[in-house]
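run_11.txt (compact mmCIF, C-alpha atoms and all ligand atoms) appears below.
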# COMPACT_ATOMS: atom_id res chain seq x y z
CA MET A 1 -38.04 21.93 -8.80
CA ASN A 2 -37.50 25.68 -8.74
CA SER A 3 -35.04 26.40 -11.48
CA ARG A 4 -32.98 25.00 -14.27
CA ARG A 5 -30.03 24.83 -11.86
CA ASP A 6 -32.03 22.80 -9.30
CA PHE A 7 -33.03 20.47 -12.08
CA ILE A 8 -29.45 19.86 -13.13
CA GLN A 9 -28.29 19.30 -9.59
CA THR A 10 -31.04 16.86 -8.72
CA LEU A 11 -30.54 14.75 -11.78
CA SER A 12 -26.83 14.94 -11.80
CA LEU A 13 -26.24 13.17 -8.54
CA GLY A 14 -27.74 9.95 -9.66
CA LEU A 15 -30.91 10.13 -11.63
CA GLY A 16 -29.77 10.27 -15.21
CA ALA A 17 -32.41 11.52 -17.60
CA ALA A 18 -32.69 12.14 -21.30
CA THR A 19 -33.65 15.77 -20.73
CA LEU A 20 -30.21 16.63 -19.41
CA THR A 21 -28.81 16.59 -22.92
CA ASP A 22 -29.16 20.28 -23.68
CA LEU A 23 -28.08 21.43 -20.25
CA THR A 24 -24.52 20.20 -20.07
CA PRO A 25 -21.94 22.95 -20.32
CA ALA A 26 -19.90 23.61 -23.42
CA VAL A 27 -16.56 21.89 -23.78
CA SER A 28 -13.51 24.09 -24.04
CA ALA A 29 -11.83 24.38 -27.41
CA PRO A 30 -8.77 22.08 -27.03
CA PHE A 31 -11.03 19.06 -26.76
CA LEU A 32 -12.79 19.63 -30.04
CA GLN A 33 -10.01 18.51 -32.36
CA LYS A 34 -10.40 14.76 -32.94
CA ALA A 35 -7.46 12.37 -32.84
CA PRO A 36 -6.82 10.31 -35.99
CA ALA A 37 -8.79 7.03 -36.13
CA ASP A 38 -5.76 4.88 -35.28
CA LYS A 39 -5.12 6.95 -32.13
CA GLN A 40 -8.56 6.64 -30.58
CA LEU A 41 -9.72 4.56 -27.62
CA ARG A 42 -12.73 2.60 -28.86
CA VAL A 43 -15.37 2.28 -26.18
CA ALA A 44 -18.46 0.06 -25.72
CA LEU A 45 -21.09 1.13 -23.18
CA MET A 46 -22.78 -1.63 -21.16
CA GLY A 47 -26.27 -0.95 -19.77
CA LEU A 48 -28.05 1.71 -21.82
CA GLY A 49 -29.95 3.55 -19.09
CA GLY A 50 -30.08 7.15 -17.92
CA TYR A 51 -26.40 7.65 -17.23
CA ALA A 52 -25.19 5.75 -20.32
CA ASN A 53 -27.22 8.21 -22.38
CA ILE A 54 -25.45 11.12 -20.72
CA VAL A 55 -22.04 9.49 -21.23
CA ALA A 56 -22.82 8.80 -24.89
CA ARG A 57 -23.83 12.40 -25.52
CA GLY A 58 -20.76 13.67 -23.67
CA MET A 59 -18.55 11.41 -25.75
CA LYS A 60 -19.53 13.29 -28.89
CA GLU A 61 -17.18 15.98 -27.52
CA CYS A 62 -14.27 13.56 -27.03
CA LYS A 63 -11.01 13.99 -28.86
CA THR A 64 -9.41 10.59 -28.20
CA ALA A 65 -12.20 8.32 -26.93
CA LYS A 66 -14.86 7.13 -29.37
CA LEU A 67 -18.14 5.34 -28.76
CA VAL A 68 -18.19 2.33 -31.09
CA GLY A 69 -20.15 -0.42 -29.30
CA ILE A 70 -23.03 -1.27 -26.96
CA VAL A 71 -23.99 -4.09 -24.60
CA THR A 72 -27.68 -4.20 -23.78
CA GLY A 73 -30.36 -6.58 -22.53
CA THR A 74 -33.08 -4.60 -24.30
CA PRO A 75 -33.16 -5.25 -28.06
CA SER A 76 -35.65 -2.43 -28.63
CA LYS A 77 -32.95 0.12 -27.68
CA ILE A 78 -30.56 -1.04 -30.39
CA PRO A 79 -31.95 0.76 -33.50
CA GLU A 80 -31.94 4.17 -31.83
CA TRP A 81 -28.39 3.76 -30.51
CA LYS A 82 -27.16 2.54 -33.91
CA GLN A 83 -28.73 5.50 -35.61
CA LYS A 84 -27.70 8.14 -33.07
CA TYR A 85 -24.11 7.05 -32.61
CA GLY A 86 -23.30 5.15 -35.80
CA ILE A 87 -22.80 1.83 -33.98
CA GLU A 88 -22.10 -1.05 -36.37
CA ASP A 89 -23.96 -4.38 -36.02
CA LYS A 90 -20.71 -6.23 -35.34
CA ASN A 91 -20.22 -4.10 -32.19
CA VAL A 92 -23.64 -4.83 -30.61
CA TYR A 93 -23.71 -7.34 -27.73
CA ASN A 94 -26.05 -8.57 -25.01
CA TYR A 95 -25.28 -9.89 -21.52
CA GLU A 96 -25.31 -13.51 -22.74
CA ASN A 97 -22.91 -13.20 -25.68
CA LEU A 98 -20.63 -10.63 -24.04
CA ASN A 99 -17.73 -13.12 -23.92
CA GLU A 100 -17.58 -12.97 -27.74
CA ILE A 101 -16.30 -9.42 -27.45
CA LYS A 102 -12.85 -10.94 -26.91
CA ASN A 103 -12.77 -11.75 -30.64
CA ASN A 104 -13.58 -8.17 -31.61
CA PRO A 105 -10.40 -6.19 -32.35
CA ASP A 106 -12.39 -2.98 -32.81
CA ILE A 107 -13.36 -2.55 -29.13
CA ASP A 108 -10.65 -1.58 -26.60
CA ILE A 109 -12.62 -0.93 -23.42
CA VAL A 110 -16.08 -1.61 -21.96
CA TYR A 111 -17.74 0.97 -19.68
CA VAL A 112 -20.04 -0.84 -17.19
CA ILE A 113 -23.04 1.41 -16.35
CA THR A 114 -25.45 -1.15 -14.94
CA PRO A 115 -27.10 -1.20 -11.47
CA ASN A 116 -24.56 -1.29 -8.63
CA SER A 117 -24.93 -4.92 -7.60
CA LEU A 118 -24.24 -6.11 -11.15
CA HIS A 119 -20.88 -4.32 -11.38
CA HIS A 120 -18.94 -7.21 -9.85
CA LYS A 121 -20.32 -9.80 -12.25
CA HIS A 122 -20.05 -7.53 -15.29
CA VAL A 123 -16.47 -6.40 -14.59
CA LEU A 124 -15.39 -10.04 -14.16
CA GLN A 125 -17.01 -10.85 -17.52
CA VAL A 126 -15.30 -7.97 -19.29
CA ALA A 127 -11.92 -8.84 -17.76
CA ALA A 128 -12.35 -12.47 -18.84
CA ALA A 129 -12.96 -11.20 -22.38
CA GLY A 130 -9.58 -9.45 -22.20
CA LYS A 131 -10.89 -5.88 -22.54
CA HIS A 132 -10.00 -2.87 -20.40
CA VAL A 133 -12.88 -1.80 -18.17
CA ILE A 134 -14.36 1.31 -16.62
CA CYS A 135 -16.94 0.61 -13.91
CA GLU A 136 -19.41 3.13 -12.58
CA LYS A 137 -19.49 4.05 -8.90
CA PRO A 138 -19.98 2.45 -6.44
CA VAL A 139 -17.36 -0.05 -7.59
CA ALA A 140 -19.23 -2.96 -5.97
CA ASP A 141 -21.42 -4.02 -3.07
CA ASN A 142 -18.47 -4.37 -0.71
CA ALA A 143 -14.68 -4.38 -0.46
CA LYS A 144 -14.44 -8.14 -0.91
CA GLN A 145 -16.03 -7.86 -4.35
CA ALA A 146 -13.86 -4.86 -5.22
CA ARG A 147 -10.73 -6.88 -4.39
CA GLU A 148 -11.94 -9.74 -6.61
CA MET A 149 -12.53 -7.29 -9.46
CA ILE A 150 -9.03 -5.80 -9.09
CA ALA A 151 -7.49 -9.29 -9.00
CA ALA A 152 -9.45 -10.40 -12.09
CA CYS A 153 -8.32 -7.36 -14.08
CA GLU A 154 -4.72 -7.82 -12.98
CA LYS A 155 -4.82 -11.48 -13.95
CA ALA A 156 -6.29 -10.61 -17.37
CA GLY A 157 -3.72 -7.83 -17.86
CA VAL A 158 -6.39 -5.19 -18.41
CA LYS A 159 -6.81 -1.70 -16.94
CA PHE A 160 -9.57 -1.16 -14.39
CA TYR A 161 -10.96 2.33 -13.77
CA ILE A 162 -13.92 3.71 -11.80
CA GLY A 163 -16.22 6.40 -13.23
CA TYR A 164 -14.93 9.10 -10.87
CA ARG A 165 -15.47 11.94 -13.35
CA LEU A 166 -14.64 14.72 -10.84
CA HIS A 167 -10.96 13.80 -10.92
CA PHE A 168 -10.90 15.22 -14.47
CA GLU A 169 -12.99 18.29 -13.61
CA PRO A 170 -10.93 21.53 -13.57
CA HIS A 171 -12.39 23.15 -10.38
CA THR A 172 -11.93 19.91 -8.43
CA LYS A 173 -8.44 19.45 -9.82
CA GLU A 174 -7.55 23.00 -8.80
CA LEU A 175 -8.77 22.36 -5.25
CA ILE A 176 -6.61 19.23 -5.07
CA ARG A 177 -3.63 21.10 -6.54
CA MET A 178 -3.95 23.87 -3.95
CA ARG A 179 -4.19 21.35 -1.13
CA GLU A 180 -1.14 19.46 -2.38
CA ALA A 181 0.78 22.75 -2.76
CA GLY A 182 0.08 23.53 0.89
CA GLU A 183 -1.98 26.63 0.08
CA PHE A 184 -4.53 25.75 2.78
CA GLY A 185 -1.80 24.90 5.28
CA LYS A 186 -2.44 21.92 7.51
CA ILE A 187 -5.92 20.58 6.85
CA MET A 188 -7.91 20.77 10.08
CA HIS A 189 -11.47 19.82 9.16
CA VAL A 190 -13.62 18.71 6.23
CA ASN A 191 -17.40 18.74 5.65
CA ASN A 192 -19.02 16.97 2.71
CA TYR A 193 -22.69 16.38 1.97
CA ALA A 194 -24.19 14.81 -1.14
CA GLY A 195 -27.71 13.83 -2.03
CA PHE A 196 -31.06 14.41 -3.64
CA GLN A 197 -34.69 13.48 -3.12
CA ILE A 198 -35.28 10.19 -4.85
CA GLY A 199 -38.46 9.74 -6.89
CA ASP A 200 -40.12 6.58 -8.19
CA PRO A 201 -40.48 4.19 -5.22
CA THR A 202 -40.25 1.14 -7.51
CA GLN A 203 -36.79 1.88 -8.98
CA TRP A 204 -33.79 -0.42 -8.48
CA ARG A 205 -31.99 2.20 -6.36
CA LEU A 206 -34.43 1.42 -3.55
CA LYS A 207 -33.92 -2.36 -3.80
CA LYS A 208 -30.98 -3.69 -1.84
CA ALA A 209 -30.53 -6.68 -4.16
CA LEU A 210 -29.68 -4.39 -7.09
CA ALA A 211 -28.39 -1.28 -5.34
CA GLY A 212 -26.36 -2.87 -2.54
CA GLY A 213 -27.62 -0.11 -0.22
CA GLY A 214 -29.23 3.31 -0.40
CA ALA A 215 -27.88 6.86 -0.25
CA VAL A 216 -24.52 5.69 1.12
CA MET A 217 -23.89 3.47 -1.89
CA ASP A 218 -25.07 5.98 -4.45
CA VAL A 219 -24.05 9.42 -3.23
CA GLY A 220 -22.14 8.67 -0.02
CA VAL A 221 -19.35 7.75 -2.44
CA TYR A 222 -19.03 11.45 -3.35
CA SER A 223 -18.72 12.51 0.30
CA THR A 224 -16.23 9.73 1.00
CA ASN A 225 -14.10 10.28 -2.09
CA GLY A 226 -14.31 14.05 -1.47
CA ALA A 227 -13.07 13.69 2.12
CA ARG A 228 -10.15 11.67 0.80
CA TYR A 229 -9.18 14.22 -1.85
CA CYS A 230 -9.64 17.12 0.59
CA THR A 231 -7.25 15.57 3.11
CA GLY A 232 -4.93 13.43 0.99
CA GLU A 233 -5.21 10.83 3.75
CA GLU A 234 -6.96 7.48 4.16
CA PRO A 235 -9.48 7.25 7.01
CA VAL A 236 -8.68 4.85 9.85
CA TRP A 237 -12.03 4.81 11.64
CA VAL A 238 -15.69 5.56 10.99
CA THR A 239 -18.79 6.32 13.04
CA ALA A 240 -22.22 6.59 11.38
CA GLN A 241 -25.83 7.46 12.19
CA GLU A 242 -28.98 7.02 10.12
CA SER A 243 -32.19 9.03 10.10
CA LYS A 244 -35.23 7.60 8.36
CA THR A 245 -38.31 9.77 7.79
CA ASP A 246 -40.05 7.39 5.36
CA PRO A 247 -39.75 3.81 6.60
CA VAL A 248 -42.03 2.52 3.84
CA LYS A 249 -40.14 3.93 0.88
CA PHE A 250 -36.82 3.17 2.53
CA LYS A 251 -37.69 -0.22 4.01
CA ASP A 252 -34.87 -1.90 2.11
CA VAL A 253 -32.15 0.76 2.01
CA ASP A 254 -30.77 3.72 3.96
CA GLU A 255 -32.33 7.18 3.48
CA THR A 256 -30.10 9.77 5.19
CA VAL A 257 -26.80 8.90 6.83
CA THR A 258 -24.29 11.13 8.58
CA PHE A 259 -20.83 9.79 9.18
CA GLN A 260 -17.52 10.85 10.61
CA LEU A 261 -14.17 9.77 9.23
CA GLY A 262 -11.10 9.82 11.46
CA PHE A 263 -7.76 10.29 9.68
CA PRO A 264 -4.23 9.39 10.80
CA SER A 265 -3.27 13.06 11.34
CA GLY A 266 -6.15 13.46 13.80
CA ILE A 267 -8.51 15.31 11.42
CA ILE A 268 -12.15 14.33 11.56
CA ALA A 269 -14.33 14.78 8.47
CA ASN A 270 -18.04 15.25 9.06
CA CYS A 271 -19.93 13.83 6.10
CA GLY A 272 -23.43 12.98 5.04
CA CYS A 273 -25.57 11.71 2.22
CA THR A 274 -29.26 11.53 1.54
CA TYR A 275 -32.07 10.30 -0.68
CA GLY A 276 -34.51 12.41 1.36
CA PHE A 277 -34.02 16.02 0.21
CA ASN A 278 -32.59 18.18 -2.56
CA HIS A 279 -29.89 20.85 -2.84
CA VAL A 280 -27.19 18.76 -1.19
CA GLU A 281 -23.82 18.86 -2.85
CA MET A 282 -21.47 20.75 -0.64
CA LEU A 283 -17.80 20.33 0.14
CA ARG A 284 -15.92 22.43 2.69
CA LEU A 285 -12.28 22.24 3.66
CA MET A 286 -10.66 24.15 6.52
CA GLY A 287 -6.92 24.46 6.93
CA ASP A 288 -4.79 26.48 9.32
CA LYS A 289 -3.81 28.86 6.48
CA GLY A 290 -6.92 28.89 4.33
CA TRP A 291 -10.20 27.35 3.31
CA ALA A 292 -12.25 26.17 0.35
CA GLU A 293 -15.94 25.75 -0.23
CA MET A 294 -17.51 24.12 -3.27
CA ASN A 295 -21.22 24.20 -3.95
CA PRO A 296 -22.33 22.61 -6.19
CA ALA A 297 -19.43 20.21 -5.75
CA PHE A 298 -20.47 16.87 -7.19
CA GLY A 299 -23.00 17.18 -10.04
CA TYR A 300 -22.27 17.36 -13.76
CA GLY A 301 -21.55 21.04 -13.45
CA PRO A 302 -21.10 23.81 -13.51
CA ILE A 303 -19.03 23.17 -10.38
CA ARG A 304 -18.48 26.30 -8.33
CA GLY A 305 -15.92 26.95 -5.64
CA THR A 306 -14.39 29.74 -3.57
CA THR A 307 -11.28 29.73 -1.42
CA HIS A 308 -9.70 32.26 0.95
CA LYS A 309 -8.02 33.60 -2.23
CA GLY A 310 -11.29 34.16 -4.10
CA GLU A 311 -13.33 32.31 -6.67
CA ILE A 312 -11.84 29.17 -8.24
CA LYS A 313 -11.73 30.28 -11.86
CA GLN A 314 -11.61 27.29 -14.15
CA PRO A 315 -13.46 26.36 -17.35
CA ASP A 316 -16.80 24.57 -17.20
CA VAL A 317 -16.34 21.39 -19.18
CA ASN A 318 -18.31 18.33 -20.11
CA HIS A 319 -17.36 15.94 -17.30
CA GLN A 320 -17.94 12.76 -19.25
CA ALA A 321 -15.93 13.92 -22.28
CA TYR A 322 -12.98 14.94 -20.10
CA GLN A 323 -13.17 11.69 -18.12
CA LEU A 324 -13.14 9.46 -21.20
CA ASP A 325 -10.43 11.49 -22.92
CA GLY A 326 -8.35 11.44 -19.74
CA ILE A 327 -8.58 7.67 -19.55
CA ALA A 328 -7.86 7.37 -23.29
CA ASP A 329 -4.75 9.50 -22.87
CA ALA A 330 -3.47 7.27 -20.05
CA ILE A 331 -4.04 4.05 -21.98
CA LEU A 332 -2.98 5.16 -25.46
CA ASN A 333 -0.01 7.29 -24.46
CA GLY A 334 1.24 5.23 -21.52
CA LYS A 335 0.69 8.15 -19.11
CA PRO A 336 0.38 7.48 -15.36
CA ASP A 337 -3.08 6.29 -14.36
CA PRO A 338 -5.41 9.05 -13.19
CA ASN A 339 -6.61 8.78 -9.60
CA VAL A 340 -9.60 6.68 -10.62
CA THR A 341 -8.22 3.15 -10.58
CA GLY A 342 -9.95 0.12 -9.12
CA ALA A 343 -7.65 0.54 -6.11
CA GLU A 344 -9.24 3.96 -5.49
CA GLY A 345 -12.68 2.36 -5.71
CA LEU A 346 -11.58 -0.21 -3.14
CA LYS A 347 -10.45 2.56 -0.74
CA ASP A 348 -13.93 4.12 -0.86
CA MET A 349 -15.55 0.69 -0.50
CA LEU A 350 -13.57 0.01 2.68
CA VAL A 351 -15.07 3.19 4.14
CA ILE A 352 -18.57 2.27 2.97
CA ASP A 353 -18.27 -1.20 4.52
CA ALA A 354 -17.27 0.48 7.79
CA ILE A 355 -20.19 2.95 7.57
CA TYR A 356 -22.67 0.07 7.28
CA GLU A 357 -20.95 -1.84 10.08
CA SER A 358 -21.18 1.21 12.34
CA LEU A 359 -24.89 1.59 11.49
CA ARG A 360 -25.46 -2.08 12.37
CA LYS A 361 -23.66 -1.45 15.67
CA ASN A 362 -25.70 1.64 16.60
CA GLY A 363 -23.02 4.15 15.67
CA ALA A 364 -20.07 2.34 17.25
CA LYS A 365 -16.56 3.36 16.14
CA VAL A 366 -15.41 0.92 13.47
CA PHE A 367 -11.73 0.69 12.54
CA ILE A 368 -11.05 0.23 8.86
CA ASN A 369 -9.56 -3.12 8.16
CA LYS A 370 -7.26 -2.80 5.16
P1 LIG A 401 -30.60 3.16 -15.06
O1 LIG A 401 -31.61 2.35 -14.36
O2 LIG A 401 -31.06 4.39 -15.76
O3 LIG A 401 -29.87 2.25 -16.15
C1 LIG A 401 -29.29 1.01 -15.84
C2 LIG A 401 -29.26 0.14 -17.08
O4 LIG A 401 -28.62 -1.08 -16.72
C3 LIG A 401 -30.64 -0.27 -17.61
O5 LIG A 401 -31.18 0.68 -18.50
C4 LIG A 401 -30.33 -1.56 -18.31
O6 LIG A 401 -29.82 -1.30 -19.61
C5 LIG A 401 -29.17 -2.14 -17.50
N1 LIG A 401 -29.60 -3.26 -16.65
C6 LIG A 401 -29.09 -4.51 -16.68
N2 LIG A 401 -29.68 -5.30 -15.79
C7 LIG A 401 -30.60 -4.53 -15.13
C8 LIG A 401 -31.52 -4.81 -14.11
N3 LIG A 401 -31.63 -6.01 -13.54
N4 LIG A 401 -32.32 -3.80 -13.69
C9 LIG A 401 -32.22 -2.57 -14.22
N5 LIG A 401 -31.35 -2.26 -15.22
C10 LIG A 401 -30.54 -3.23 -15.68
O7 LIG A 401 -29.45 3.51 -14.02
P2 LIG A 401 -28.37 4.69 -14.13
O8 LIG A 401 -27.90 4.80 -15.53
O9 LIG A 401 -28.88 5.89 -13.49
O10 LIG A 401 -27.20 4.10 -13.19
C11 LIG A 401 -26.35 3.06 -13.63
C12 LIG A 401 -25.03 3.13 -12.86
O11 LIG A 401 -24.39 4.38 -13.13
C13 LIG A 401 -25.18 3.05 -11.35
O12 LIG A 401 -24.15 2.25 -10.81
C14 LIG A 401 -25.02 4.48 -10.88
O13 LIG A 401 -24.47 4.60 -9.57
C15 LIG A 401 -24.06 5.04 -11.91
N6 LIG A 401 -24.24 6.49 -12.12
C16 LIG A 401 -23.14 7.29 -12.07
C17 LIG A 401 -23.24 8.64 -12.26
C18 LIG A 401 -22.02 9.50 -12.24
O14 LIG A 401 -22.16 10.72 -12.26
N7 LIG A 401 -20.82 8.93 -12.21
C19 LIG A 401 -24.55 9.28 -12.46
C20 LIG A 401 -25.65 8.35 -12.57
C21 LIG A 401 -25.48 7.00 -12.39
P3 LIG A 401 -30.15 -2.25 -20.86
O15 LIG A 401 -31.64 -2.21 -21.00
O16 LIG A 401 -29.44 -1.60 -21.96
O17 LIG A 401 -29.62 -3.61 -20.52
Please express the file's structure as structure tokens.
Amino acid sequence: MNSRRDFIQTLSLGLGAATLTDLTPAVSAPFLQKAPADKQLRVALMGLGGYANIVARGMKECKTAKLVGIVTGTPSKIPEWKQKYGIEDKNVYNYENLNEIKNNPDIDIVYVITPNSLHHKHVLQVAAAGKHVICEKPVADNAKQAREMIAACEKAGVKFYIGYRLHFEPHTKELIRMREAGEFGKIMHVNNYAGFQIGDPTQWRLKKALAGGGAVMDVGVYSTNGARYCTGEEPVWVTAQESKTDPVKFKDVDETVTFQLGFPSGIIANCGCTYGFNHVEMLRLMGDKGWAEMNPAFGYGPIRGTTHKGEIKQPDVNHQAYQLDGIADAILNGKPDPNVTGAEGLKDMLVIDAIYESLRKNGAKVFINK
């Protein structure tokens, strides 16, 4: 770890840690004025690990979303959370009594921040309890599960969002705006790489049963989602290659994977993701009239980007606060859903399924089966 910036980047791509608290950027002024109590989205966090801690701290900056509840399997965490965030006893649940949340009128939405392979089960439980749900990325282990989650939320009449915080982040939004406005011309090529060097060899991220996969599942989602928002298209085919430098540590999951996404217009995006090395969060877009480069592109910020027109000048914000307030605004004010719905999670999962199928088939071209 060489600098404060390296530290932020490494943690921010997946390894949440308590020490990040003082390093998140300031939130811009408009978000500091709180909405009245009857106009707030009341949120319960499920799974009080590294990232839930970061979300909870970010939510202190929220205007319209408010942390009011927790779901945890670790009773010893409860006193600290109650004290830090003013959580009332009636809003504290565990994984066994979660269904009782349906009788609690003071919780509107549950944010699932548990290990990847538990997302499917937990989202189905929340939907059955009749609460809106946000689920962390990756949405599930595979597209089949993602479809079941979407169907369950539709049946229950609840909203289903994925924790794609970058869709609320001003630099990323400006890049998307410029692409949609045609400022880059016809998009010709995209390059995205995301990753970090993973530590503790015993953690759940290295166990397929809890993680669903390795770097692809965790940070490949950023490259995939990024390629989709850089092109505005859905990939139709995938090829993928894996390199493994530590077959012991990565015996269960993938370490470094490069993949190519073919789009209907003929563009090919060259992407990659890794658990093997640091300083990897780069996004590059090339059009016939202009270009954009973001680096760092995927962490908690500050996000930095340059285009053929110069630096992307946007405020540095608290990603989690903006994400939760953006979702609150959509739900409470009936605004159109942000681009973070379960359907968006499914689109990324279809690509991830195809990446793993290509790896199983020694890099063969796999067509995405919608
Ligand atoms: P952690 O391991 O730090 O926390 C996971 C928490 O889930 C645990 O603390 C625990 O909370 C709960 N849990 C329930 N069952 C299990 C189990 N069998 N094994 C381990 N934990 C369990 O993980 P992270 O917070 O880093 O990641 C959680 C999710 O958030 C992942 O899906 C990850 O991809 C995503 N994430 C997203 C980020 C983003 O920027 N969008 C950044 C980091 C992570 P408790 O004790 O309260 O039950």
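Straight-line separation from CA of Glu61 (chain A) to CA of Ile198 (chain A): 29.6 Å.
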Selected residue, from A:Gly58, A:Gly163, A:Gly334, A:Gly195, that lies nearest to Val219 (chain A) when counting all atoms listed in the file: A:Gly195
The centre and edge lengths of an axis-aligned box containing all atoms of ligand LIG 401 (chain A) present in the file, extended by 6 Å on each side, are to be given in Å to one decimal, as lines of an AutoDock Vina configuration file.
center_x = -26.6
center_y = 2.4
center_z = -15.8
size_x = 23.5
size_y = 28.7
size_z = 24.4
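Among A:Met286, A:Ile70, A:Val110, A:Val139, the residue with the shortest atom-to-atom distance to His308 (chain A), counting all atoms listed in the file, is A:Met286.
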Neighbours of ligand LIG 401 (chain A) at 7 Å or closer, counting only C-alpha atoms and all ligand atoms: which residues, as a ChimeraX atom specification? /A:12-16,46-52,71-74,77,113-116,136-138,163-165,204,210,218,299-300
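The space separating CA of Gln241 (chain A) from CA of Lys361 (chain A) comes to 9.8 Å.
Distances to Arg57 (chain A) were evaluated for A:Arg360, A:His132, A:His319, A:Lys207 using all atoms listed in the file, and the minimum falls at A:His319.
The space separating CA of Tyr222 (chain A) from CA of Gly290 (chain A) comes to 22.6 Å.
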